[in-house]
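Peer 1: This one is run-v4.tsv, TSV, C-alpha atoms (C1' of nucleotides).
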```tsv
chain	number	residue	atom	x	y	z
A	17	MET	CA	24.26	-1.15	-144.85
A	18	GLN	CA	21.54	-3.66	-145.57
A	19	SER	CA	22.10	-6.86	-147.46
A	20	GLU	CA	19.75	-5.80	-150.22
A	21	THR	CA	21.85	-2.68	-150.78
A	22	VAL	CA	24.99	-4.76	-150.69
A	23	ILE	CA	23.60	-7.15	-153.27
A	24	ARG	CA	22.70	-4.29	-155.56
A	25	ALA	CA	26.20	-2.82	-155.28
A	26	LEU	CA	27.89	-6.17	-155.83
A	27	GLY	CA	25.61	-6.90	-158.76
A	28	ALA	CA	26.35	-3.51	-160.27
A	29	LEU	CA	30.09	-4.17	-160.21
A	30	ALA	CA	29.79	-7.78	-161.34
A	31	GLN	CA	29.69	-6.93	-165.02
A	32	GLU	CA	32.58	-6.34	-167.37
A	33	HIS	CA	31.50	-2.98	-168.74
A	34	ARG	CA	30.30	-1.62	-165.43
A	35	LEU	CA	33.45	-2.63	-163.58
A	36	ALA	CA	35.49	-0.95	-166.34
A	37	THR	CA	33.26	2.11	-166.13
A	38	TYR	CA	33.64	2.34	-162.40
A	39	ARG	CA	37.40	2.02	-162.70
A	40	LEU	CA	37.55	4.83	-165.23
A	41	LEU	CA	35.49	7.02	-162.93
A	42	VAL	CA	37.77	6.24	-160.00
A	43	GLN	CA	40.74	7.31	-162.09
A	44	ALA	CA	38.92	10.42	-163.24
A	45	GLY	CA	38.37	11.50	-159.66
A	46	ALA	CA	36.09	14.32	-158.64
A	47	ASP	CA	35.99	15.80	-162.14
A	48	GLY	CA	34.20	12.71	-163.35
A	49	MET	CA	33.47	11.95	-166.98
A	50	ALA	CA	30.58	12.60	-169.34
A	51	ALA	CA	28.39	9.69	-170.43
A	52	GLY	CA	29.53	10.13	-174.01
A	53	ALA	CA	33.20	10.13	-173.07
A	54	LEU	CA	32.69	6.89	-171.17
A	55	ALA	CA	30.86	5.34	-174.12
A	56	ASP	CA	33.74	6.33	-176.42
A	57	ALA	CA	36.36	5.03	-174.04
A	58	LEU	CA	34.63	1.67	-173.77
A	59	GLY	CA	33.41	1.43	-177.34
A	60	LEU	CA	29.79	1.05	-176.33
A	61	PRO	CA	26.70	2.50	-178.02
A	62	ALA	CA	25.19	5.39	-176.09
A	63	SER	CA	22.07	3.50	-175.11
A	64	SER	CA	24.05	0.61	-173.66
A	65	MET	CA	26.28	2.99	-171.73
A	66	SER	CA	23.24	4.74	-170.37
A	67	PHE	CA	21.79	1.42	-169.24
A	68	HIS	CA	24.95	0.54	-167.31
A	69	LEU	CA	25.30	3.99	-165.80
A	70	ALA	CA	21.73	3.73	-164.54
A	71	GLN	CA	22.62	0.50	-162.75
A	72	LEU	CA	25.69	2.01	-161.11
A	73	SER	CA	23.68	5.05	-160.16
A	74	HIS	CA	20.82	3.01	-158.74
A	75	ALA	CA	23.35	1.09	-156.66
A	76	GLY	CA	24.61	4.41	-155.32
A	77	LEU	CA	28.11	3.83	-156.64
A	78	VAL	CA	28.18	6.92	-158.83
A	79	THR	CA	26.71	10.39	-158.76
A	80	GLN	CA	25.54	12.40	-161.73
A	81	ARG	CA	25.31	16.07	-162.47
A	82	ARG	CA	24.40	17.93	-165.60
A	83	GLN	CA	26.91	20.28	-167.12
A	84	SER	CA	25.38	21.98	-170.08
A	85	ARG	CA	24.41	19.25	-172.53
A	86	SER	CA	26.56	16.60	-170.92
A	87	ILE	CA	25.82	14.53	-167.89
A	88	ILE	CA	28.91	14.04	-165.80
A	89	TYR	CA	29.28	10.88	-163.76
A	90	ALA	CA	31.67	10.53	-160.86
A	91	ALA	CA	32.51	7.67	-158.50
A	92	ASP	CA	30.93	7.96	-155.07
A	93	TYR	CA	33.67	6.74	-152.77
A	94	SER	CA	31.49	6.62	-149.70
A	95	ALA	CA	29.31	3.90	-151.21
A	96	MET	CA	32.37	1.81	-151.97
A	97	GLY	CA	33.59	2.47	-148.45
A	98	ALA	CA	30.31	1.20	-147.04
A	99	LEU	CA	30.48	-1.87	-149.23
A	100	MET	CA	34.03	-2.56	-148.10
A	101	GLY	CA	32.94	-2.11	-144.53
A	102	TYR	CA	30.15	-4.62	-144.91
A	103	LEU	CA	32.40	-7.17	-146.57
A	104	THR	CA	35.04	-6.73	-143.91
A	105	GLU	CA	32.55	-7.05	-141.09
A	106	ASN	CA	31.19	-10.18	-142.65
A	107	CYS	CA	34.51	-11.68	-143.50
A	108	CYS	CA	36.41	-13.52	-140.79
A	109	GLY	CA	33.61	-12.58	-138.41
A	110	GLY	CA	34.94	-9.06	-138.03
A	111	ALA	CA	38.36	-10.26	-136.96
A	112	SER	CA	39.41	-9.18	-140.45
A	113	CYS	CA	41.30	-11.09	-143.05
A	114	ALA	CA	42.17	-7.72	-144.56
A	115	PRO	CA	42.41	-4.94	-142.02
A	116	ALA	CA	39.93	-2.29	-143.10
A	117	ALA	CA	36.87	-0.16	-142.47
A	118	PRO	CA	35.30	1.64	-139.51
A	119	ALA	CA	34.08	-1.47	-137.68
A	120	ASP	CA	31.25	-0.30	-135.50
A	121	GLU	CA	28.37	-0.47	-137.89
A	122	ARG	CA	28.04	-4.13	-137.12
A	123	ASN	CA	25.25	-5.57	-139.17
A	124	VAL	CA	23.22	-8.74	-139.02
A	125	ALA	CA	21.56	-9.28	-142.37
B	13	MET	CA	43.72	-10.76	-159.45
B	14	GLN	CA	42.25	-10.41	-162.90
B	15	SER	CA	39.07	-8.56	-163.61
B	16	GLU	CA	37.36	-11.70	-164.87
B	17	THR	CA	38.05	-13.38	-161.53
B	18	VAL	CA	36.82	-10.31	-159.70
B	19	ILE	CA	33.62	-10.29	-161.72
B	20	ARG	CA	33.00	-13.93	-160.92
B	21	ALA	CA	33.51	-13.33	-157.21
B	22	LEU	CA	31.32	-10.25	-157.16
B	23	GLY	CA	28.65	-12.06	-159.14
B	24	ALA	CA	28.77	-15.01	-156.78
B	25	LEU	CA	28.11	-12.77	-153.78
B	26	ALA	CA	25.50	-10.66	-155.55
B	27	GLN	CA	22.66	-13.03	-154.80
B	28	GLU	CA	20.53	-13.24	-151.69
B	29	HIS	CA	20.99	-16.93	-150.96
B	30	ARG	CA	24.66	-17.01	-151.80
B	31	LEU	CA	25.46	-13.96	-149.70
B	32	ALA	CA	23.58	-15.57	-146.81
B	33	THR	CA	25.41	-18.84	-147.41
B	34	TYR	CA	28.76	-17.13	-147.42
B	35	ARG	CA	27.92	-15.31	-144.22
B	36	LEU	CA	26.95	-18.54	-142.50
B	37	LEU	CA	30.21	-20.10	-143.61
B	38	VAL	CA	32.18	-17.14	-142.30
B	39	GLN	CA	30.49	-17.56	-138.93
B	40	ALA	CA	31.11	-21.29	-138.99
B	41	GLY	CA	34.83	-20.72	-139.41
B	42	ALA	CA	37.27	-23.46	-140.27
B	43	ASP	CA	34.87	-26.23	-139.28
B	44	GLY	CA	32.59	-25.21	-142.11
B	45	MET	CA	29.12	-26.63	-142.66
B	46	ALA	CA	27.66	-29.51	-144.62
B	47	ALA	CA	25.63	-28.78	-147.74
B	48	GLY	CA	22.54	-30.23	-146.11
B	49	ALA	CA	22.94	-28.13	-142.98
B	50	LEU	CA	23.21	-25.02	-145.12
B	51	ALA	CA	20.11	-26.03	-147.09
B	52	ASP	CA	18.21	-26.51	-143.82
B	53	ALA	CA	19.42	-23.23	-142.39
B	54	LEU	CA	18.32	-21.34	-145.47
B	55	GLY	CA	15.20	-23.34	-146.23
B	56	LEU	CA	16.32	-24.26	-149.72
B	57	PRO	CA	15.85	-27.53	-151.57
B	58	ALA	CA	19.04	-29.56	-151.83
B	59	SER	CA	19.40	-29.10	-155.56
B	60	SER	CA	19.13	-25.31	-155.31
B	61	MET	CA	21.66	-25.23	-152.50
B	62	SER	CA	24.00	-27.34	-154.55
B	63	PHE	CA	23.65	-24.93	-157.46
B	64	HIS	CA	24.59	-21.95	-155.32
B	65	LEU	CA	27.46	-23.73	-153.62
B	66	ALA	CA	28.85	-24.59	-157.03
B	67	GLN	CA	28.87	-20.89	-157.96
B	68	LEU	CA	30.65	-19.91	-154.76
B	69	SER	CA	33.10	-22.71	-155.25
B	70	HIS	CA	33.74	-21.81	-158.88
B	71	ALA	CA	34.42	-18.25	-157.77
B	72	GLY	CA	36.98	-19.61	-155.31
B	73	LEU	CA	35.15	-18.17	-152.32
B	74	VAL	CA	34.62	-21.48	-150.59
B	75	THR	CA	36.44	-24.78	-150.33
B	76	GLN	CA	34.87	-28.20	-150.10
B	77	ARG	CA	35.93	-31.47	-148.54
B	78	ARG	CA	34.12	-34.72	-148.14
B	79	GLN	CA	33.56	-36.06	-144.66
B	80	SER	CA	31.88	-39.38	-144.84
B	81	ARG	CA	28.58	-38.87	-146.62
B	82	SER	CA	28.56	-35.12	-146.17
B	83	ILE	CA	30.37	-32.50	-148.13
B	84	ILE	CA	31.64	-29.76	-145.88
B	85	TYR	CA	31.96	-26.26	-147.24
B	86	ALA	CA	34.10	-23.57	-145.63
B	87	ALA	CA	34.78	-19.94	-146.48
B	88	ASP	CA	38.10	-19.32	-148.15
B	89	TYR	CA	39.26	-16.10	-146.57
B	90	SER	CA	42.16	-15.60	-148.93
B	91	ALA	CA	39.82	-15.20	-151.90
B	92	MET	CA	37.85	-12.56	-150.05
B	93	GLY	CA	41.11	-10.90	-149.10
B	94	ALA	CA	42.16	-10.79	-152.74
B	95	LEU	CA	38.80	-9.35	-153.72
B	96	MET	CA	39.06	-6.70	-151.04
B	97	GLY	CA	42.56	-5.91	-152.23
B	98	TYR	CA	41.39	-5.44	-155.78
B	99	LEU	CA	38.50	-3.21	-154.76
B	100	THR	CA	40.76	-1.15	-152.55
B	101	GLU	CA	43.39	-0.75	-155.24
B	102	ASN	CA	40.74	0.31	-157.68
B	103	CYS	CA	38.93	2.60	-155.33
B	104	CYS	CA	40.27	6.10	-154.83
B	105	GLY	CA	43.13	5.19	-157.15
B	106	GLY	CA	44.90	3.28	-154.41
B	107	ALA	CA	44.88	6.27	-152.10
B	108	SER	CA	42.18	4.36	-150.25
B	109	CYS	CA	38.80	5.53	-149.13
B	110	ALA	CA	38.93	2.68	-146.63
B	111	PRO	CA	42.45	1.80	-145.54
B	112	ALA	CA	42.97	-1.85	-146.37
B	113	ALA	CA	44.89	-4.58	-148.14
B	114	PRO	CA	48.49	-5.34	-149.10
B	115	ALA	CA	48.79	-2.69	-151.83
B	116	ASP	CA	51.57	-3.89	-154.08
B	117	GLU	CA	49.72	-6.21	-156.35
B	118	ARG	CA	48.73	-3.26	-158.45
B	119	ASN	CA	46.58	-4.38	-161.28
B	120	VAL	CA	45.53	-2.83	-164.52
B	121	ALA	CA	42.46	-4.68	-165.80
C	26	DT	C1'	25.27	-56.50	-150.92
C	27	DC	C1'	21.24	-53.84	-149.70
C	28	DG	C1'	18.96	-49.91	-147.96
C	29	DA	C1'	19.37	-45.51	-146.19
C	30	DT	C1'	21.52	-41.01	-146.24
C	31	DA	C1'	23.93	-36.93	-148.36
C	32	DT	C1'	24.76	-34.56	-152.48
C	33	DT	C1'	25.13	-33.62	-157.17
C	34	DT	C1'	23.58	-33.63	-162.04
C	35	DC	C1'	19.95	-33.22	-165.40
C	36	DG	C1'	16.15	-31.04	-167.68
C	37	DA	C1'	12.39	-28.07	-167.98
C	38	DT	C1'	10.69	-23.52	-167.03
C	39	DA	C1'	10.31	-18.88	-165.38
C	40	DG	C1'	12.52	-14.72	-164.52
C	41	DT	C1'	16.13	-11.45	-165.03
C	42	DT	C1'	19.77	-8.96	-167.52
C	43	DA	C1'	22.33	-7.26	-171.62
C	44	DT	C1'	22.29	-5.39	-176.20
C	45	DC	C1'	21.34	-1.92	-179.50
C	46	DG	C1'	18.64	0.80	-182.98
C	47	DA	C1'	15.04	4.09	-183.17
C	48	DA	C1'	12.43	7.50	-181.00
C	49	DT	C1'	12.24	10.99	-177.56
C	50	DC	C1'	13.78	14.59	-174.34
C	51	DA	C1'	16.89	18.50	-172.76
C	52	DT	C1'	20.14	22.13	-173.64
C	53	DT	C1'	22.66	25.31	-176.28
C	54	DG	C1'	24.17	28.35	-180.14
C	55	DG	C1'	22.88	30.93	-184.01
D	11	DC	C1'	12.63	29.31	-182.87
D	12	DC	C1'	15.25	25.89	-185.16
D	13	DA	C1'	19.00	22.83	-185.96
D	14	DA	C1'	22.54	20.39	-183.70
D	15	DT	C1'	24.39	17.93	-179.84
D	16	DG	C1'	24.36	14.86	-175.74
D	17	DA	C1'	21.82	11.72	-173.29
D	18	DT	C1'	17.89	8.77	-171.90
D	19	DT	C1'	13.79	5.85	-172.75
D	20	DC	C1'	11.45	2.39	-175.37
D	21	DG	C1'	10.84	-2.06	-177.50
D	22	DA	C1'	12.38	-6.19	-179.34
D	23	DT	C1'	15.46	-9.96	-178.85
D	24	DA	C1'	19.12	-12.82	-177.24
D	25	DA	C1'	21.62	-14.61	-173.43
D	26	DC	C1'	22.14	-15.81	-168.92
D	27	DT	C1'	20.52	-17.15	-164.05
D	28	DA	C1'	17.54	-19.19	-160.59
D	29	DT	C1'	14.35	-22.70	-159.22
D	30	DC	C1'	13.16	-27.26	-158.15
D	31	DG	C1'	11.67	-32.18	-158.86
D	32	DA	C1'	13.42	-36.44	-160.51
D	33	DA	C1'	17.22	-39.30	-161.51
D	34	DA	C1'	21.94	-40.48	-160.77
D	35	DT	C1'	26.18	-40.87	-157.79
D	36	DA	C1'	28.84	-41.73	-153.51
D	37	DT	C1'	29.28	-43.43	-148.84
D	38	DC	C1'	28.19	-45.81	-144.89
D	39	DG	C1'	26.14	-49.28	-141.61
D	40	DA	C1'	24.15	-53.71	-140.93
```
The structure in this file should be written as structure tokens.
Peer 2:
Amino acid sequence: MQSETVIRALGALAQEHRLATYRLLVQAGADGMAAGALADALGLPASSMSFHLAQLSHAGLVTQRRQSRSIIYAADYSAMGALMGYLTENCCGGASCAPAAPADERNVA
Amino acid sequence: MQSETVIRALGALAQEHRLATYRLLVQAGADGMAAGALADALGLPASSMSFHLAQLSHAGLVTQRRQSRSIIYAADYSAMGALMGYLTENCCGGASCAPAAPADERNVA
DNA sequence: TCGATATTTCGATAGTTATCGAATCATTGG
DNA sequence: CCAATGATTCGATAACTATCGAAATATCGA
């Protein structure tokens, strides 16, 4: 994982509505949730929700698929796993302050 | 860990210079590095470096101590550990996509 | 105390990000 | 094919963030 990718992922999660969105999608699991359902749940106008979903999507944190008129978003766990791996590798110099992640994709940004 | 704290930490790391700074501090370990040394290493003017260090500090990711004329910054691993814990708890609904963290500070943002 | 060194604070400016209504696009049911 | 529904794109605006020089603050050595 490259630092630019990491920065995009961190930046995507570093916003109230997007962090809440991501958490809802994690809870929803593989079924995911439609953009409109997310907007309702968070009390956001559709255009704002769409803006935030685009950020999460661009950061690779969520996937999208169309189901009839709705677009269903779902959390992409592998991206979060990669992010966790990067943070772990770059925290405590790999000796790990929190035991986690694969540990052989060592990365010098 | 509260979501506001999480957002601040994520936001602090979601910036090229600050991520690089944090990585240098992780490598430096407990000895830490002086603000000026960090500025030199990253090729940033002192005032910009100071700005970024303040963000990291405000997010609780680094500690600071004065040593004579210099101010030494060091990575605070516990904050990163807490962040990792939060992300893990809120990723895969705690079932963990990347096995990590304490796991009993369950948190509903 | 004075001058030099290390850092932070201030202030101006440029760039980025968030917000949200209106317009547009895509899909479905009748 | 048309109206309705679900979502995105556009455009304007407000808010926040980054940058960096100059000025201010703290510490040390002579």
Peer 1: Dump as a list of chain:residue names the residues of chain C that approach chain A to within 8 Å, counting only C-alpha atoms (C1' of nucleotides).
Peer 2: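 The answer, sorted by residue number, is C:DT44, C:DC45, C:DA51, C:DT52, C:DT53.
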Peer 1: Superimpose chain A on chain B so that the squared distances between all in-order C-alpha pairs are minimised, and send the result as a CSV table (one decimal) with C-alpha atoms, in the coordinates of the input.
Peer 2:
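Okay, this is what ended up in result02.csv:
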```csv
chain,number,residue,atom,x,y,z
A,17,MET,CA,43.7,-10.7,-159.4
A,18,GLN,CA,42.2,-10.4,-162.9
A,19,SER,CA,39.0,-8.6,-163.6
A,20,GLU,CA,37.4,-11.7,-164.9
A,21,THR,CA,38.1,-13.4,-161.5
A,22,VAL,CA,36.8,-10.3,-159.7
A,23,ILE,CA,33.6,-10.3,-161.7
A,24,ARG,CA,33.0,-13.9,-160.9
A,25,ALA,CA,33.5,-13.3,-157.2
A,26,LEU,CA,31.3,-10.2,-157.2
A,27,GLY,CA,28.7,-12.1,-159.2
A,28,ALA,CA,28.8,-15.0,-156.8
A,29,LEU,CA,28.1,-12.8,-153.8
A,30,ALA,CA,25.5,-10.7,-155.6
A,31,GLN,CA,22.7,-13.0,-154.8
A,32,GLU,CA,20.5,-13.2,-151.7
A,33,HIS,CA,21.0,-16.9,-151.0
A,34,ARG,CA,24.7,-17.0,-151.8
A,35,LEU,CA,25.5,-13.9,-149.7
A,36,ALA,CA,23.6,-15.6,-146.8
A,37,THR,CA,25.4,-18.8,-147.4
A,38,TYR,CA,28.8,-17.1,-147.4
A,39,ARG,CA,27.9,-15.3,-144.2
A,40,LEU,CA,27.0,-18.5,-142.5
A,41,LEU,CA,30.2,-20.1,-143.6
A,42,VAL,CA,32.2,-17.1,-142.3
A,43,GLN,CA,30.5,-17.5,-138.9
A,44,ALA,CA,31.1,-21.3,-139.0
A,45,GLY,CA,34.8,-20.7,-139.4
A,46,ALA,CA,37.3,-23.4,-140.3
A,47,ASP,CA,34.9,-26.2,-139.3
A,48,GLY,CA,32.6,-25.2,-142.1
A,49,MET,CA,29.1,-26.6,-142.7
A,50,ALA,CA,27.7,-29.5,-144.6
A,51,ALA,CA,25.6,-28.8,-147.7
A,52,GLY,CA,22.5,-30.2,-146.1
A,53,ALA,CA,23.0,-28.1,-143.0
A,54,LEU,CA,23.2,-25.0,-145.1
A,55,ALA,CA,20.1,-26.0,-147.1
A,56,ASP,CA,18.2,-26.5,-143.8
A,57,ALA,CA,19.4,-23.2,-142.4
A,58,LEU,CA,18.3,-21.3,-145.5
A,59,GLY,CA,15.2,-23.3,-146.2
A,60,LEU,CA,16.3,-24.2,-149.7
A,61,PRO,CA,15.8,-27.5,-151.6
A,62,ALA,CA,19.0,-29.5,-151.8
A,63,SER,CA,19.4,-29.1,-155.6
A,64,SER,CA,19.1,-25.3,-155.3
A,65,MET,CA,21.7,-25.2,-152.5
A,66,SER,CA,24.0,-27.3,-154.5
A,67,PHE,CA,23.7,-24.9,-157.5
A,68,HIS,CA,24.6,-21.9,-155.3
A,69,LEU,CA,27.5,-23.7,-153.6
A,70,ALA,CA,28.9,-24.6,-157.0
A,71,GLN,CA,28.9,-20.9,-157.9
A,72,LEU,CA,30.6,-19.9,-154.8
A,73,SER,CA,33.1,-22.7,-155.3
A,74,HIS,CA,33.8,-21.8,-158.9
A,75,ALA,CA,34.4,-18.3,-157.8
A,76,GLY,CA,37.0,-19.6,-155.3
A,77,LEU,CA,35.1,-18.2,-152.3
A,78,VAL,CA,34.6,-21.5,-150.6
A,79,THR,CA,36.4,-24.8,-150.3
A,80,GLN,CA,34.9,-28.2,-150.1
A,81,ARG,CA,35.9,-31.4,-148.5
A,82,ARG,CA,34.1,-34.7,-148.1
A,83,GLN,CA,33.6,-36.1,-144.6
A,84,SER,CA,31.9,-39.4,-144.9
A,85,ARG,CA,28.6,-38.9,-146.6
A,86,SER,CA,28.6,-35.1,-146.2
A,87,ILE,CA,30.4,-32.5,-148.1
A,88,ILE,CA,31.6,-29.8,-145.9
A,89,TYR,CA,32.0,-26.3,-147.2
A,90,ALA,CA,34.1,-23.6,-145.6
A,91,ALA,CA,34.8,-19.9,-146.5
A,92,ASP,CA,38.1,-19.3,-148.2
A,93,TYR,CA,39.3,-16.1,-146.6
A,94,SER,CA,42.2,-15.6,-148.9
A,95,ALA,CA,39.8,-15.2,-151.9
A,96,MET,CA,37.9,-12.5,-150.1
A,97,GLY,CA,41.1,-10.9,-149.1
A,98,ALA,CA,42.2,-10.8,-152.8
A,99,LEU,CA,38.8,-9.3,-153.7
A,100,MET,CA,39.1,-6.7,-151.1
A,101,GLY,CA,42.6,-5.9,-152.2
A,102,TYR,CA,41.4,-5.4,-155.8
A,103,LEU,CA,38.5,-3.2,-154.8
A,104,THR,CA,40.8,-1.1,-152.6
A,105,GLU,CA,43.4,-0.7,-155.3
A,106,ASN,CA,40.7,0.3,-157.7
A,107,CYS,CA,38.9,2.6,-155.3
A,108,CYS,CA,40.3,6.1,-154.8
A,109,GLY,CA,43.1,5.2,-157.2
A,110,GLY,CA,44.9,3.3,-154.4
A,111,ALA,CA,44.9,6.2,-152.1
A,112,SER,CA,42.2,4.3,-150.3
A,113,CYS,CA,38.8,5.5,-149.1
A,114,ALA,CA,38.9,2.6,-146.7
A,115,PRO,CA,42.4,1.7,-145.5
A,116,ALA,CA,42.9,-1.9,-146.3
A,117,ALA,CA,44.8,-4.7,-148.1
A,118,PRO,CA,48.4,-5.4,-149.1
A,119,ALA,CA,48.8,-2.8,-151.8
A,120,ASP,CA,51.5,-3.9,-154.0
A,121,GLU,CA,49.7,-6.2,-156.3
A,122,ARG,CA,48.7,-3.2,-158.4
A,123,ASN,CA,46.6,-4.3,-161.3
A,124,VAL,CA,45.5,-2.8,-164.5
A,125,ALA,CA,42.5,-4.6,-165.8
```
Peer 1: Using only C-alpha atoms, find the one residue out of B:Leu95, B:Met45, B:Ile84, B:Ala26 that sits nearest to chain A.
Peer 2: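 The answer is B:Ala26, which sits nearest to chain A.
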Peer 1: Smallest atom-to-atom distance to chain D: which of B:Thr17, B:Gln76, B:Gln39, B:Gln67, using all atoms listed in the file?
Peer 2: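 The shortest atom-to-atom distance to chain D comes from B:Gln67.
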Peer 1: With all atoms listed in the file as the atoms that count, which of A:Leu41, A:Ala91, A:Leu103, A:Leu69 lies nearest to B:Leu25?
Peer 2: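 Ranked by minimum distance to B:Leu25, first place goes to A:Leu103.
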Peer 1: Report the distance between atom C1' of D:DG16 and atom CA of A:Ala50 in Å, rounded to one decimal place.
Peer 2: 9.2 Å
Peer 1: Can you measure atom CA of B:Ala86 to atom CA of A:Met100 for me? One decimal in Å is fine.
Peer 2: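 Calculated distance between atom CA of B:Ala86 and atom CA of A:Met100 is 21.2 Å.
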Peer 1: Between atom C1' of C:DT32 and atom CA of B:Asp52, what distance in Å does the model show, to one decimal?
Peer 2: 13.5 Å
Peer 1: With all atoms listed in the file as the counted atoms, please give the residues lying no more than 12 Å from D:DA25, apart from itself and same-chain residues fewer than 2 positions off, as a list in words.
Peer 2: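 Result of the neighbour search: DT41, DT42, DA43 and DT44 of chain C; DT23 and DT27 of chain D.
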Peer 1: Could I get stretch 35-52 of chain B rebuilt with N, CA and C atoms, written as a PDB file, in the frame of the given file?
Peer 2:
```pdb
ATOM      1  N   ARG B  35      27.898 -15.839-145.577  1.00  0.00           N
ATOM      2  CA  ARG B  35      27.920 -15.310-144.220  1.00  0.00           C
ATOM      3  C   ARG B  35      27.856 -16.424-143.175  1.00  0.00           C
ATOM      4  N   LEU B  36      27.034 -17.417-143.430  1.00  0.00           N
ATOM      5  CA  LEU B  36      26.950 -18.540-142.500  1.00  0.00           C
ATOM      6  C   LEU B  36      28.298 -19.249-142.426  1.00  0.00           C
ATOM      7  N   LEU B  37      28.919 -19.408-143.579  1.00  0.00           N
ATOM      8  CA  LEU B  37      30.210 -20.100-143.610  1.00  0.00           C
ATOM      9  C   LEU B  37      31.291 -19.298-142.893  1.00  0.00           C
ATOM     10  N   VAL B  38      31.210 -17.982-142.999  1.00  0.00           N
ATOM     11  CA  VAL B  38      32.180 -17.140-142.300  1.00  0.00           C
ATOM     12  C   VAL B  38      32.007 -17.332-140.796  1.00  0.00           C
ATOM     13  N   GLN B  39      30.756 -17.358-140.353  1.00  0.00           N
ATOM     14  CA  GLN B  39      30.490 -17.560-138.930  1.00  0.00           C
ATOM     15  C   GLN B  39      30.939 -18.939-138.468  1.00  0.00           C
ATOM     16  N   ALA B  40      30.760 -19.913-139.351  1.00  0.00           N
ATOM     17  CA  ALA B  40      31.110 -21.290-138.990  1.00  0.00           C
ATOM     18  C   ALA B  40      32.619 -21.482-138.862  1.00  0.00           C
ATOM     19  N   GLY B  41      33.373 -20.611-139.496  1.00  0.00           N
ATOM     20  CA  GLY B  41      34.830 -20.720-139.410  1.00  0.00           C
ATOM     21  C   GLY B  41      35.398 -21.933-140.112  1.00  0.00           C
ATOM     22  N   ALA B  42      36.547 -22.370-139.631  1.00  0.00           N
ATOM     23  CA  ALA B  42      37.270 -23.460-140.270  1.00  0.00           C
ATOM     24  C   ALA B  42      36.525 -24.790-140.294  1.00  0.00           C
ATOM     25  N   ASP B  43      35.645 -24.991-139.315  1.00  0.00           N
ATOM     26  CA  ASP B  43      34.870 -26.230-139.280  1.00  0.00           C
ATOM     27  C   ASP B  43      33.959 -26.359-140.492  1.00  0.00           C
ATOM     28  N   GLY B  44      33.474 -25.208-140.956  1.00  0.00           N
ATOM     29  CA  GLY B  44      32.590 -25.210-142.110  1.00  0.00           C
ATOM     30  C   GLY B  44      31.225 -25.800-141.785  1.00  0.00           C
ATOM     31  N   MET B  45      30.451 -26.048-142.822  1.00  0.00           N
ATOM     32  CA  MET B  45      29.120 -26.630-142.660  1.00  0.00           C
ATOM     33  C   MET B  45      28.830 -27.553-143.829  1.00  0.00           C
ATOM     34  N   ALA B  46      28.019 -28.568-143.567  1.00  0.00           N
ATOM     35  CA  ALA B  46      27.660 -29.510-144.620  1.00  0.00           C
ATOM     36  C   ALA B  46      26.613 -28.871-145.529  1.00  0.00           C
ATOM     37  N   ALA B  47      26.583 -29.313-146.768  1.00  0.00           N
ATOM     38  CA  ALA B  47      25.630 -28.780-147.740  1.00  0.00           C
ATOM     39  C   ALA B  47      24.202 -28.889-147.208  1.00  0.00           C
ATOM     40  N   GLY B  48      23.885 -30.017-146.626  1.00  0.00           N
ATOM     41  CA  GLY B  48      22.540 -30.230-146.110  1.00  0.00           C
ATOM     42  C   GLY B  48      22.195 -29.284-144.970  1.00  0.00           C
ATOM     43  N   ALA B  49      23.160 -29.035-144.101  1.00  0.00           N
ATOM     44  CA  ALA B  49      22.940 -28.130-142.980  1.00  0.00           C
ATOM     45  C   ALA B  49      22.681 -26.722-143.489  1.00  0.00           C
ATOM     46  N   LEU B  50      23.404 -26.343-144.526  1.00  0.00           N
ATOM     47  CA  LEU B  50      23.210 -25.020-145.120  1.00  0.00           C
ATOM     48  C   LEU B  50      21.816 -24.942-145.748  1.00  0.00           C
ATOM     49  N   ALA B  51      21.431 -25.994-146.443  1.00  0.00           N
ATOM     50  CA  ALA B  51      20.110 -26.030-147.090  1.00  0.00           C
ATOM     51  C   ALA B  51      19.028 -25.886-146.021  1.00  0.00           C
ATOM     52  N   ASP B  52      19.177 -26.597-144.917  1.00  0.00           N
ATOM     53  CA  ASP B  52      18.210 -26.510-143.820  1.00  0.00           C
ATOM     54  C   ASP B  52      18.158 -25.098-143.279  1.00  0.00           C
TER      55      ASP B  52
END
```
